[in-house]
Structure formats: C-alpha cells, structure tokens
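A.B. asks: Just model10.pdb, nothing more (PDB, C-alpha atoms):
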```
ATOM      1  CA  MET A  23      96.995  40.964 130.073
ATOM      2  CA  LEU A  24      98.047  38.545 127.318
ATOM      3  CA  ALA A  25      97.532  35.608 129.665
ATOM      4  CA  TYR A  26      94.030  36.863 130.439
ATOM      5  CA  LEU A  27      93.183  37.189 126.739
ATOM      6  CA  ALA A  28      94.518  33.717 125.972
ATOM      7  CA  ARG A  29      92.567  32.218 128.880
ATOM      8  CA  ARG A  30      89.328  33.876 127.828
ATOM      9  CA  ILE A  31      89.731  32.762 124.208
ATOM     10  CA  MET A  32      90.397  29.190 125.328
ATOM     11  CA  ILE A  33      87.187  29.323 127.383
ATOM     12  CA  MET A  34      85.185  30.724 124.462
ATOM     13  CA  ILE A  35      85.970  27.740 122.209
ATOM     14  CA  PRO A  36      84.435  24.961 124.383
ATOM     15  CA  THR A  37      81.578  27.334 125.246
ATOM     16  CA  LEU A  38      80.620  27.685 121.585
ATOM     17  CA  VAL A  39      80.957  23.924 121.043
ATOM     18  CA  ALA A  40      78.618  23.273 123.972
ATOM     19  CA  ILE A  41      76.161  25.898 122.696
ATOM     20  CA  SER A  42      76.130  24.313 119.238
ATOM     21  CA  ALA A  43      75.242  20.926 120.763
ATOM     22  CA  ILE A  44      72.484  22.465 122.909
ATOM     23  CA  VAL A  45      71.070  24.393 119.928
ATOM     24  CA  PHE A  46      70.972  21.256 117.789
ATOM     25  CA  ILE A  47      69.325  19.219 120.566
ATOM     26  CA  ILE A  48      66.645  21.870 121.130
ATOM     27  CA  ILE A  49      65.891  22.085 117.400
ATOM     28  CA  GLN A  50      65.582  18.281 117.252
ATOM     29  CA  LEU A  51      63.272  18.059 120.302
ATOM     30  CA  PRO A  52      59.955  18.546 118.425
ATOM     31  CA  PRO A  53      58.733  15.281 116.895
ATOM     32  CA  GLY A  54      59.407  14.747 113.203
ATOM     33  CA  ASP A  55      61.413  16.962 110.864
ATOM     34  CA  TYR A  56      60.898  19.377 107.970
ATOM     35  CA  LEU A  57      59.579  16.661 105.665
ATOM     36  CA  THR A  58      57.092  15.514 108.312
ATOM     37  CA  THR A  59      55.777  19.078 108.532
ATOM     38  CA  MET A  60      55.605  19.312 104.726
ATOM     39  CA  ILE A  61      53.675  16.017 104.476
ATOM     40  CA  ALA A  62      51.166  17.239 107.078
ATOM     41  CA  GLU A  63      50.636  20.507 105.175
ATOM     42  CA  LEU A  64      50.132  18.668 101.857
ATOM     43  CA  GLN A  65      47.664  16.235 103.415
ATOM     44  CA  ALA A  66      45.749  19.095 105.019
ATOM     45  CA  GLN A  67      45.410  20.665 101.551
ATOM     46  CA  GLY A  68      44.204  17.360 100.116
ATOM     47  CA  GLU A  69      47.209  16.893  97.833
ATOM     48  CA  PRO A  70      48.698  13.418  97.216
ATOM     49  CA  VAL A  71      52.014  12.530  98.851
ATOM     50  CA  SER A  72      54.541  10.295  97.089
ATOM     51  CA  LEU A  73      56.350   8.158  99.646
ATOM     52  CA  ASP A  74      59.151   7.434  97.166
ATOM     53  CA  LYS A  75      59.727  11.147  96.656
ATOM     54  CA  ILE A  76      59.707  11.751 100.410
ATOM     55  CA  GLN A  77      62.255   8.985 100.915
ATOM     56  CA  PHE A  78      64.419  10.447  98.132
ATOM     57  CA  LEU A  79      64.282  13.891  99.740
ATOM     58  CA  ARG A  80      65.055  12.416 103.149
ATOM     59  CA  GLU A  81      68.197  10.797 101.766
ATOM     60  CA  GLN A  82      69.142  13.899  99.770
ATOM     61  CA  TYR A  83      68.884  16.206 102.781
ATOM     62  CA  GLY A  84      70.593  13.717 105.096
ATOM     63  CA  LEU A  85      67.524  13.330 107.312
ATOM     64  CA  ASP A  86      67.906   9.549 107.185
ATOM     65  CA  ARG A  87      71.082   9.814 109.264
ATOM     66  CA  THR A  88      71.173   9.544 113.034
ATOM     67  CA  PRO A  89      70.951  12.836 114.987
ATOM     68  CA  ILE A  90      74.595  12.499 116.028
ATOM     69  CA  GLU A  91      75.711  12.155 112.424
ATOM     70  CA  GLN A  92      73.577  15.145 111.428
ATOM     71  CA  TYR A  93      75.086  17.250 114.214
ATOM     72  CA  PHE A  94      78.694  16.501 113.324
ATOM     73  CA  HIS A  95      77.970  17.063 109.622
ATOM     74  CA  TRP A  96      76.489  20.481 110.455
ATOM     75  CA  PHE A  97      79.167  21.390 113.015
ATOM     76  CA  PHE A  98      82.199  20.572 110.868
ATOM     77  CA  GLY A  99      80.492  22.225 107.914
ATOM     78  CA  MET A 100      80.229  25.467 109.906
ATOM     79  CA  LEU A 101      83.954  25.315 110.662
ATOM     80  CA  GLN A 102      84.537  25.315 106.894
ATOM     81  CA  GLY A 103      82.085  28.163 106.258
ATOM     82  CA  ASP A 104      79.198  25.910 105.151
ATOM     83  CA  LEU A 105      76.094  26.750 107.198
ATOM     84  CA  GLY A 106      74.061  23.930 105.681
ATOM     85  CA  TRP A 107      71.075  23.718 103.351
ATOM     86  CA  SER A 108      67.725  25.435 103.822
ATOM     87  CA  PHE A 109      64.984  22.885 103.116
ATOM     88  CA  GLU A 110      62.222  25.463 102.738
ATOM     89  CA  PHE A 111      64.075  27.788 100.356
ATOM     90  CA  ASN A 112      66.031  24.980  98.654
ATOM     91  CA  LEU A 113      69.172  27.109  98.803
ATOM     92  CA  PRO A 114      72.341  27.222 100.886
ATOM     93  CA  VAL A 115      71.720  28.953 104.210
ATOM     94  CA  SER A 116      74.442  31.506 103.474
ATOM     95  CA  GLU A 117      72.531  32.676 100.377
ATOM     96  CA  VAL A 118      69.194  32.791 102.189
ATOM     97  CA  ILE A 119      70.343  34.948 105.100
ATOM     98  CA  GLY A 120      72.836  37.154 103.224
ATOM     99  CA  GLU A 121      70.770  40.262 102.430
ATOM    100  CA  ARG A 122      68.555  39.837 105.475
ATOM    101  CA  LEU A 123      71.640  39.971 107.705
ATOM    102  CA  LEU A 124      72.626  43.251 106.076
ATOM    103  CA  LEU A 125      69.146  44.788 106.411
ATOM    104  CA  SER A 126      68.830  43.566 110.006
ATOM    105  CA  PHE A 127      72.164  45.132 110.835
ATOM    106  CA  VAL A 128      71.170  48.438 109.212
ATOM    107  CA  VAL A 129      67.884  48.590 111.148
ATOM    108  CA  ALA A 130      69.388  47.573 114.486
ATOM    109  CA  PHE A 131      72.503  49.754 114.197
ATOM    110  CA  THR A 132      70.423  52.798 113.279
ATOM    111  CA  THR A 133      68.090  52.036 116.189
ATOM    112  CA  LEU A 134      71.073  51.744 118.520
ATOM    113  CA  VAL A 135      72.474  55.098 117.378
ATOM    114  CA  PHE A 136      69.034  56.686 117.760
ATOM    115  CA  THR A 137      68.690  55.240 121.258
ATOM    116  CA  TYR A 138      72.060  56.530 122.449
ATOM    117  CA  ILE A 139      71.690  59.959 120.859
ATOM    118  CA  VAL A 140      68.267  60.501 122.451
ATOM    119  CA  ALA A 141      68.747  58.703 125.786
ATOM    120  CA  PHE A 142      72.094  60.087 126.928
ATOM    121  CA  PRO A 143      71.352  63.833 126.941
ATOM    122  CA  ILE A 144      67.880  63.252 128.409
ATOM    123  CA  GLY A 145      69.209  60.895 131.095
ATOM    124  CA  VAL A 146      72.005  63.284 132.065
ATOM    125  CA  TYR A 147      69.647  66.271 132.146
ATOM    126  CA  SER A 148      67.095  64.378 134.199
ATOM    127  CA  ALA A 149      69.734  63.332 136.744
ATOM    128  CA  THR A 150      71.379  66.746 137.049
ATOM    129  CA  HIS A 151      67.986  68.527 137.329
ATOM    130  CA  GLN A 152      66.315  66.139 139.738
ATOM    131  CA  TYR A 153      62.708  66.977 140.696
ATOM    132  CA  SER A 154      62.508  69.833 138.203
ATOM    133  CA  TRP A 155      59.578  70.252 135.804
ATOM    134  CA  GLY A 156      61.795  68.979 133.005
ATOM    135  CA  ASP A 157      62.669  65.887 135.039
ATOM    136  CA  TYR A 158      58.997  65.178 135.780
ATOM    137  CA  GLY A 159      57.971  65.653 132.142
ATOM    138  CA  LEU A 160      60.757  63.484 130.740
ATOM    139  CA  SER A 161      60.131  60.816 133.377
ATOM    140  CA  PHE A 162      56.446  60.749 132.430
ATOM    141  CA  LEU A 163      57.324  60.278 128.761
ATOM    142  CA  GLY A 164      59.805  57.575 129.756
ATOM    143  CA  PHE A 165      57.145  55.655 131.670
ATOM    144  CA  ILE A 166      54.826  55.848 128.641
ATOM    145  CA  GLY A 167      57.600  54.502 126.436
ATOM    146  CA  LEU A 168      58.257  51.619 128.819
ATOM    147  CA  ALA A 169      54.566  50.773 129.144
ATOM    148  CA  THR A 170      53.789  50.778 125.405
ATOM    149  CA  PRO A 171      54.669  47.512 123.606
ATOM    150  CA  ASN A 172      56.587  48.003 120.386
ATOM    151  CA  PHE A 173      54.138  46.004 118.293
ATOM    152  CA  LEU A 174      51.214  48.085 119.618
ATOM    153  CA  LEU A 175      52.998  51.309 118.669
ATOM    154  CA  ALA A 176      53.666  49.808 115.222
ATOM    155  CA  LEU A 177      49.968  49.009 114.764
ATOM    156  CA  ILE A 178      48.972  52.530 115.845
ATOM    157  CA  LEU A 179      51.406  54.157 113.411
ATOM    158  CA  LEU A 180      50.286  51.864 110.591
ATOM    159  CA  TYR A 181      46.640  52.752 111.256
ATOM    160  CA  PHE A 182      47.104  56.523 111.501
ATOM    161  CA  ALA A 183      49.412  56.650 108.482
ATOM    162  CA  ASN A 184      46.768  54.871 106.421
ATOM    163  CA  VAL A 185      43.739  56.780 107.779
ATOM    164  CA  ALA A 186      45.220  60.257 108.157
ATOM    165  CA  PHE A 187      47.637  60.366 105.226
ATOM    166  CA  GLY A 188      46.490  57.495 103.012
ATOM    167  CA  ILE A 189      49.993  55.972 102.834
ATOM    168  CA  SER A 190      51.430  52.601 103.773
ATOM    169  CA  ILE A 191      54.513  52.638 106.011
ATOM    170  CA  GLY A 192      55.036  48.884 106.127
ATOM    171  CA  GLY A 193      58.115  47.240 104.685
ATOM    172  CA  LEU A 194      61.646  48.496 104.437
ATOM    173  CA  MET A 195      61.741  49.517 100.781
ATOM    174  CA  ASP A 196      59.518  50.230  97.778
ATOM    175  CA  PRO A 197      57.878  47.102  96.296
ATOM    176  CA  GLN A 198      59.846  47.277  93.045
ATOM    177  CA  TYR A 199      63.132  46.782  94.933
ATOM    178  CA  VAL A 200      62.084  43.612  96.759
ATOM    179  CA  ASP A 201      64.250  40.613  95.758
ATOM    180  CA  GLN A 202      66.442  42.938  93.692
ATOM    181  CA  PRO A 203      70.229  43.212  94.208
ATOM    182  CA  MET A 204      71.472  46.123  96.275
ATOM    183  CA  SER A 205      71.828  49.352  94.311
ATOM    184  CA  TRP A 206      72.017  53.056  95.064
ATOM    185  CA  GLU A 207      68.289  53.503  94.358
ATOM    186  CA  LYS A 208      67.426  50.575  96.626
ATOM    187  CA  PHE A 209      69.664  51.982  99.360
ATOM    188  CA  LEU A 210      67.906  55.356  99.178
ATOM    189  CA  SER A 211      64.554  53.564  99.354
ATOM    190  CA  VAL A 212      65.682  51.745 102.491
ATOM    191  CA  LEU A 213      66.749  55.039 104.080
ATOM    192  CA  ALA A 214      63.377  56.605 103.244
ATOM    193  CA  HIS A 215      61.510  53.743 104.961
ATOM    194  CA  LEU A 216      63.950  53.321 107.850
ATOM    195  CA  TRP A 217      62.850  56.031 110.262
ATOM    196  CA  ILE A 218      59.482  54.468 111.180
ATOM    197  CA  PRO A 219      60.836  51.055 112.342
ATOM    198  CA  VAL A 220      63.721  52.830 114.090
ATOM    199  CA  ILE A 221      61.278  54.915 116.145
ATOM    200  CA  VAL A 222      59.028  51.928 116.847
ATOM    201  CA  ILE A 223      61.803  49.543 117.885
ATOM    202  CA  GLY A 224      63.855  52.180 119.693
ATOM    203  CA  THR A 225      61.083  53.690 121.840
ATOM    204  CA  SER A 226      61.124  51.188 124.694
ATOM    205  CA  SER A 227      64.915  50.740 124.739
ATOM    206  CA  THR A 228      65.385  54.521 124.757
ATOM    207  CA  ALA A 229      62.989  54.928 127.674
ATOM    208  CA  GLU A 230      64.685  52.089 129.545
ATOM    209  CA  MET A 231      68.141  53.574 128.988
ATOM    210  CA  ILE A 232      66.964  57.011 130.186
ATOM    211  CA  ARG A 233      65.670  55.535 133.440
ATOM    212  CA  LEU A 234      68.779  53.418 133.964
ATOM    213  CA  LEU A 235      71.219  56.234 133.242
ATOM    214  CA  ARG A 236      69.294  58.614 135.482
ATOM    215  CA  ALA A 237      69.299  56.161 138.393
ATOM    216  CA  ASN A 238      72.989  55.271 138.028
ATOM    217  CA  LEU A 239      74.077  58.883 137.642
ATOM    218  CA  LEU A 240      72.030  60.022 140.647
ATOM    219  CA  ASP A 241      73.691  57.319 142.724
ATOM    220  CA  GLU A 242      77.163  58.424 141.623
ATOM    221  CA  LEU A 243      76.441  62.143 142.178
ATOM    222  CA  GLN A 244      75.694  61.453 145.832
ATOM    223  CA  LYS A 245      78.987  59.686 146.542
ATOM    224  CA  GLN A 246      81.794  61.190 148.592
ATOM    225  CA  TYR A 247      84.303  61.649 145.767
ATOM    226  CA  VAL A 248      81.864  63.941 143.956
ATOM    227  CA  VAL A 249      81.360  66.022 147.100
ATOM    228  CA  THR A 250      85.135  66.230 147.507
ATOM    229  CA  GLY A 251      85.570  67.311 143.868
ATOM    230  CA  ARG A 252      83.008  70.066 144.320
ATOM    231  CA  ALA A 253      84.727  71.209 147.503
ATOM    232  CA  LYS A 254      88.022  71.461 145.618
ATOM    233  CA  GLY A 255      86.386  73.736 143.064
ATOM    234  CA  LEU A 256      86.321  71.456 140.018
ATOM    235  CA  PRO A 257      84.127  72.864 137.225
ATOM    236  CA  PRO A 258      80.714  71.130 137.291
ATOM    237  CA  ARG A 259      80.871  69.932 133.678
ATOM    238  CA  ARG A 260      84.394  68.528 134.031
ATOM    239  CA  LEU A 261      83.484  66.853 137.315
ATOM    240  CA  LEU A 262      80.379  65.301 135.754
ATOM    241  CA  VAL A 263      82.051  63.952 132.616
ATOM    242  CA  LYS A 264      85.346  62.794 134.112
ATOM    243  CA  TYR A 265      84.047  60.828 137.078
ATOM    244  CA  PRO A 266      80.309  60.182 137.758
ATOM    245  CA  LEU A 267      79.251  59.789 134.124
ATOM    246  CA  ARG A 268      82.054  57.316 133.427
ATOM    247  CA  MET A 269      81.010  55.175 136.386
ATOM    248  CA  ALA A 270      77.346  55.374 135.396
ATOM    249  CA  LEU A 271      78.179  53.917 131.971
ATOM    250  CA  ASN A 272      79.312  50.561 133.400
ATOM    251  CA  PRO A 273      75.917  48.827 132.956
ATOM    252  CA  PHE A 274      75.747  49.916 129.318
ATOM    253  CA  ILE A 275      79.226  48.576 128.582
ATOM    254  CA  ALA A 276      78.367  45.320 130.356
ATOM    255  CA  ASP A 277      75.241  45.032 128.179
ATOM    256  CA  ILE A 278      77.228  44.693 124.937
ATOM    257  CA  GLY A 279      76.772  40.928 125.153
ATOM    258  CA  SER A 280      73.034  41.364 124.574
ATOM    259  CA  ILE A 281      73.327  44.292 122.153
ATOM    260  CA  LEU A 282      75.368  42.442 119.524
ATOM    261  CA  PRO A 283      72.897  39.575 118.956
ATOM    262  CA  HIS A 284      70.117  42.147 118.812
ATOM    263  CA  LEU A 285      71.880  43.584 115.759
ATOM    264  CA  ILE A 286      71.117  40.301 114.004
ATOM    265  CA  SER A 287      67.754  39.154 115.342
ATOM    266  CA  GLY A 288      66.094  42.528 115.818
ATOM    267  CA  SER A 289      62.516  42.781 117.060
ATOM    268  CA  ALA A 290      60.767  39.774 115.532
ATOM    269  CA  ILE A 291      57.195  40.791 116.433
ATOM    270  CA  VAL A 292      57.616  44.333 115.085
ATOM    271  CA  SER A 293      59.188  42.921 111.922
ATOM    272  CA  VAL A 294      56.164  40.657 111.393
ATOM    273  CA  VAL A 295      53.687  43.491 112.020
ATOM    274  CA  MET A 296      55.493  45.960 109.741
ATOM    275  CA  SER A 297      56.531  43.360 107.120
ATOM    276  CA  LEU A 298      60.230  44.106 107.567
ATOM    277  CA  PRO A 299      62.589  41.800 105.607
ATOM    278  CA  THR A 300      64.829  41.162 108.613
ATOM    279  CA  ASN A 301      65.994  37.964 110.271
ATOM    280  CA  GLY A 302      63.381  37.820 113.037
ATOM    281  CA  PRO A 303      60.438  36.605 110.898
ATOM    282  CA  MET A 304      62.690  34.193 108.991
ATOM    283  CA  LEU A 305      63.992  32.649 112.225
ATOM    284  CA  LEU A 306      60.428  32.289 113.507
ATOM    285  CA  ARG A 307      59.358  30.626 110.259
ATOM    286  CA  ALA A 308      62.387  28.305 110.297
ATOM    287  CA  LEU A 309      61.534  27.156 113.816
ATOM    288  CA  GLN A 310      57.913  26.551 112.881
ATOM    289  CA  SER A 311      58.770  24.545 109.754
ATOM    290  CA  GLN A 312      61.685  22.739 111.463
ATOM    291  CA  ASP A 313      64.157  23.991 108.874
ATOM    292  CA  MET A 314      66.885  22.970 111.297
ATOM    293  CA  TYR A 315      70.012  24.181 109.493
ATOM    294  CA  LEU A 316      68.529  27.625 108.848
ATOM    295  CA  ALA A 317      67.273  28.008 112.416
ATOM    296  CA  GLY A 318      70.470  26.542 113.868
ATOM    297  CA  SER A 319      72.635  28.925 111.854
ATOM    298  CA  PHE A 320      70.679  31.941 113.122
ATOM    299  CA  LEU A 321      70.983  30.766 116.722
ATOM    300  CA  MET A 322      74.691  30.004 116.377
ATOM    301  CA  ILE A 323      75.390  33.435 114.902
ATOM    302  CA  GLU A 324      73.623  35.011 117.870
ATOM    303  CA  ALA A 325      75.512  32.754 120.304
ATOM    304  CA  CYS A 326      78.833  33.776 118.776
ATOM    305  CA  LEU A 327      77.873  37.440 119.074
ATOM    306  CA  ILE A 328      76.913  36.979 122.733
ATOM    307  CA  VAL A 329      80.234  35.313 123.585
ATOM    308  CA  ILE A 330      82.204  37.944 121.663
ATOM    309  CA  GLY A 331      80.126  40.734 123.220
ATOM    310  CA  VAL A 332      80.780  39.531 126.761
ATOM    311  CA  PHE A 333      84.494  39.320 125.974
ATOM    312  CA  LEU A 334      84.553  42.871 124.575
ATOM    313  CA  SER A 335      82.516  44.243 127.469
ATOM    314  CA  ASP A 336      85.008  42.832 129.978
ATOM    315  CA  LEU A 337      87.884  44.541 128.171
ATOM    316  CA  LEU A 338      86.018  47.860 127.858
ATOM    317  CA  LEU A 339      84.962  47.797 131.500
ATOM    318  CA  ALA A 340      88.565  47.304 132.575
ATOM    319  CA  ALA A 341      89.613  50.275 130.419
ATOM    320  CA  LEU A 342      86.716  52.480 131.549
ATOM    321  CA  ASP A 343      86.722  51.785 135.280
ATOM    322  CA  PRO A 344      90.093  51.652 137.093
ATOM    323  CA  ARG A 345      88.407  49.821 139.971
ATOM    324  CA  ILE A 346      88.073  46.769 137.735
ATOM    325  CA  ARG A 347      91.145  44.627 137.201
ATOM    326  CA  LEU A 348      91.694  41.775 134.794
ATOM    327  CA  HIS A 349      93.713  39.737 137.275
ATOM    328  CA  GLY A 350      92.546  38.138 140.468
ATOM    329  CA  GLY A 351      93.952  38.371 143.935
ATOM    330  CA  ALA A 352      94.170  41.214 146.387
ATOM    331  CA  THR A 353      96.891  43.818 146.221
ATOM    332  CA  LYS A 354      98.350  45.710 149.129
TER     333      LYS A 354
END
```
Translate this structure into structure tokens?
C.D. replies:
Amino acid sequence: MLAYLARRIMIMIPTLVAISAIVFIIIQLPPGDYLTTMIAELQAQGEPVSLDKIQFLREQYGLDRTPIEQYFHWFFGMLQGDLGWSFEFNLPVSEVIGERLLLSFVVAFTTLVFTYIVAFPIGVYSATHQYSWGDYGLSFLGFIGLATPNFLLALILLYFANVAFGISIGGLMDPQYVDQPMSWEKFLSVLAHLWIPVIVIGTSSTAEMIRLLRANLLDELQKQYVVTGRAKGLPPRRLLVKYPLRMALNPFIADIGSILPHLISGSAIVSVVMSLPTNGPMLLRALQSQDMYLAGSFLMIEACLIVIGVFLSDLLLAALDPRIRLHGGATK
C-alpha cells in the first residue's frame, strides 16, 4: 500500500509539471499579449497611446522576456506561493481570486450536496420500482432536466421572478455587500441568494445522476449474487445497501476527479447570466484579455484538483469495492 502511494505521488509531480508547461503554451498561443489587447481597445476608443508608457509597462510586467523565461519565472513563483501578477486588476493574483474562490466553493459545494440529497433517493426508488408510475414520472422529469440547458433555466427564472414577483434574483448577495469584507450579515445575504443558483446549476447534474444511478443499480440487481442473497432470505433493505448499492456507486467515486475542479470553476455561463461573483466569469475574462498569470493560475488550480481527485478516487474505489486491488498481478 505504501509503495503504491509513493509511486502515485511520484507520478503526480511530473504530471503537474507537464500540465503547467502545456497551460502556459496554450495561453501564449494567441498573438500578442495583454498590452497588445489594451492598445487595441484604446485605439478603438480613439484614445492616444504612449509608446514609452507601453514599453515601461512591458518591462515592469516582464513581458519583454522570452516565453521560456516567463514560464520559469511563473512556475518557480508558484512553488513559493506566488501566483503572479494580474495585469487587468493590477493586483497579485492571490488577492484577486481569494474571495471568488470562497464563493465558488460555497456555490459548488452546496450544489453538490443538493444533487446527492435529491438524486440518491430518487435513483434508488426508480430502480427498485422499475416500470411503476413513480418510475415513469421521475424518469420524465429527469429527461426534462437533462434536456434543459442551465443558462436557459436561469433566464426563465430571472424573467418570471421579475414579471411575476417584481424582484431581481441575480447576484449572490445584496448590492451593499459587494466588494465588502466577509461578515455575518454578508454571509446571511449569500445564504438568502444561494438557493436559486443551486437549483439552476444542480438541475442537469441531478437528472444525470438519477439516470446513471438507476441504470447501474438495475444492472446490479439482476446479477446472480443478488438472486442468491434473496434465496438465502436476506432482508431486502440490507441486501440492497450492503451489496448492489455499493457496487452502483463506483462511477460516482471515479468521478471525483471531475467534481473537485468543478468546485472551483463552477458553471461559467450560468454565472455570467445570473451575475454571480464566482471564478467562471473571471477566468473567461482573463482568457479574453490575455491576463496570462490570472488565467494560468485558475487552470493550474483546476489541474491540481483533477490530479488529486483521481488519486483520491482510486483509493476510495479500492476501499469500496473488494474486487479492485491496488497491486497488479494475478493471484491464485
């Protein structure tokens, strides 16, 4: 077990180094840089551009260095906890993304809890009552949830809230708390605004999880070990929880690698539509303006979460399913 952990950790290190190089190359692929984009915007507005000032800013931000020098400066800075400098916000990246990381985590974690709480009982009921009226009704609602894009549901809720009730449900807090430090009043305001984005973002993932759990559980309930357990007189609930349900959870455990980065990025389109102060819109803006250190830091955080999530999912799968072993080779 210890050898397996050490081997996986040693693999994770060069993987993250390779990902950092790929991320930096992709960010550098578009022609120009942040200052080039800024010059184009100023010229489009008819404002004068001082070449001396641009050259000064290029030297100050290190954009006059070669791409290799910029990469190593950024990479070794990350190892020391320095994520770089945001050109657009003129602040360290760590200060720019601090509160947004917290709000993104709150939204995504609450959505995840909502998804599991709603999807698991419905999926289990639908599988254990196959072809019943309840199964048909829940399956119909699940198909609607899968077919409705999150941003469309957000637009519908925004429209009906404004027309029917005369209220605005956009944002994640009251306007007076925007750009204010976290306080108890601000936290309560976030909780009051949280339920709408949770429902919007969690609808499709909940419907998808219901369908997946139903299909996996139906497959397990038809296997021979379940028939044998019933023949031996095991109570139905104990038989369901101890064996088939555990095996049906394997895909969800294996999906941790994609769940963890979702806690950071969230649903970018829904965040733009509902004006949520999460990381998705900021990452999109950083990519558009070529704010490379800000965008690169977001992508590296997500890459680290993916690698860590895959590592954790492997360990949890081995603990959950005795058919999975951490060592190779056949045993007799």
A.B. asks: Env of Phe111 (chain A): 12 Å cut, atoms = only C-alpha atoms, seq-sep filter 6 positions within chain, self excluded. Answer as a PDB file with C-alpha atoms, in the coordinates of the input.
C.D. replies:
```pdb
ATOM      1  CA  TYR A  56      60.898  19.377 107.970  1.00  0.00           C
ATOM      2  CA  GLU A 117      72.531  32.676 100.377  1.00  0.00           C
ATOM      3  CA  VAL A 118      69.194  32.791 102.189  1.00  0.00           C
ATOM      4  CA  ILE A 119      70.343  34.948 105.100  1.00  0.00           C
ATOM      5  CA  MET A 304      62.690  34.193 108.991  1.00  0.00           C
ATOM      6  CA  ARG A 307      59.358  30.626 110.259  1.00  0.00           C
ATOM      7  CA  ALA A 308      62.387  28.305 110.297  1.00  0.00           C
ATOM      8  CA  SER A 311      58.770  24.545 109.754  1.00  0.00           C
ATOM      9  CA  ASP A 313      64.157  23.991 108.874  1.00  0.00           C
ATOM     10  CA  TYR A 315      70.012  24.181 109.493  1.00  0.00           C
ATOM     11  CA  LEU A 316      68.529  27.625 108.848  1.00  0.00           C
TER      12      LEU A 316
END
```
A.B. asks: For Leu79 (chain A), find every residue with an atom within 12 Å (counting only C-alpha atoms), except residues of its own chain fewer than 4 positions away, and show them as a list in words.
C.D. replies: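 Here the answer would be Asp55, Tyr56, Leu57, Thr58, Met60, Ile61, Ser72, Leu73, Asp74, Lys75, Tyr83, Gly84, Leu85, Asp86, Phe109 and Asn112 of chain A.
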A.B. asks: Find, counting all atoms listed in the file, the residue in A:Arg259, A:Arg30, A:Arg87, A:Arg268 that gets nearest to Glu242 (chain A).
C.D. replies: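 The shortest atom-to-atom distance to Glu242 (chain A) comes from A:Arg268.
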A.B. asks: The PyMOL selection byres ((chain A and resi 167) around 6) - which residues does that actually catch in the file I just gave you? List them as a PyMOL selection string.
C.D. replies: chain A and resi 164-166+168-170+225-226+229
A.B. asks: Just the number, please: distance in Å from CA of Ser297 (chain A) to CA of Gly192 (chain A), one decimal.
C.D. replies: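 Going from CA of Ser297 (chain A) over to CA of Gly192 (chain A) covers 5.8 Å.
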A.B. asks: Rounded to one decimal in Å, what is the spacing between CA of Tyr26 (chain A) and CA of Met269 (chain A)?
C.D. replies: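 Distance between the two atoms: 23.2 Å.
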A.B. asks: So which residues get picked by the PyMOL selection byres ((chain A and resi 326-336) around 8) here, written as JSON, numbers by chain?
C.D. replies: {"A": [30, 34, 38, 275, 276, 277, 278, 279, 280, 281, 282, 283, 322, 323, 324, 325, 337, 338, 339, 340]}
A.B. asks: Got time to write the residues from that selection, C-alpha atoms, as a short mmCIF file (atom, residue, chain, number, x, y, z; two decimals), in the coordinates of the input?
C.D. replies:
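Output saved as selection-v9.cif:
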```cif
data_model
loop_
_atom_site.label_atom_id
_atom_site.label_comp_id
_atom_site.auth_asym_id
_atom_site.auth_seq_id
_atom_site.Cartn_x
_atom_site.Cartn_y
_atom_site.Cartn_z
CA ARG A 30 89.33 33.88 127.83
CA MET A 34 85.18 30.72 124.46
CA LEU A 38 80.62 27.68 121.58
CA ILE A 275 79.23 48.58 128.58
CA ALA A 276 78.37 45.32 130.36
CA ASP A 277 75.24 45.03 128.18
CA ILE A 278 77.23 44.69 124.94
CA GLY A 279 76.77 40.93 125.15
CA SER A 280 73.03 41.36 124.57
CA ILE A 281 73.33 44.29 122.15
CA LEU A 282 75.37 42.44 119.52
CA PRO A 283 72.90 39.58 118.96
CA MET A 322 74.69 30.00 116.38
CA ILE A 323 75.39 33.44 114.90
CA GLU A 324 73.62 35.01 117.87
CA ALA A 325 75.51 32.75 120.30
CA LEU A 337 87.88 44.54 128.17
CA LEU A 338 86.02 47.86 127.86
CA LEU A 339 84.96 47.80 131.50
CA ALA A 340 88.56 47.30 132.57
#
```
A.B. asks: I would like the residues chosen by the PyMOL selection byres ((chain A and resi 95) around 12) on the shown file; could you give them as an MDAnalysis selection string?
C.D. replies: chainID A and resid 46 83:85 87:94 96:102 104:107 315
A.B. asks: For Gly224 (chain A), which residue out of A:Thr132, A:Ser293, A:Gln82, A:Ser319 is the nearest one, using only C-alpha atoms?
C.D. replies: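 That would be A:Thr132, the residue with the smallest distance to Gly224 (chain A).
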A.B. asks: How many Å lie between CA of Glu110 (chain A) and CA of Ser42 (chain A), rounded to one decimal?
C.D. replies: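 If I compute the distance from CA of Glu110 (chain A) to CA of Ser42 (chain A), I get 21.6 Å.
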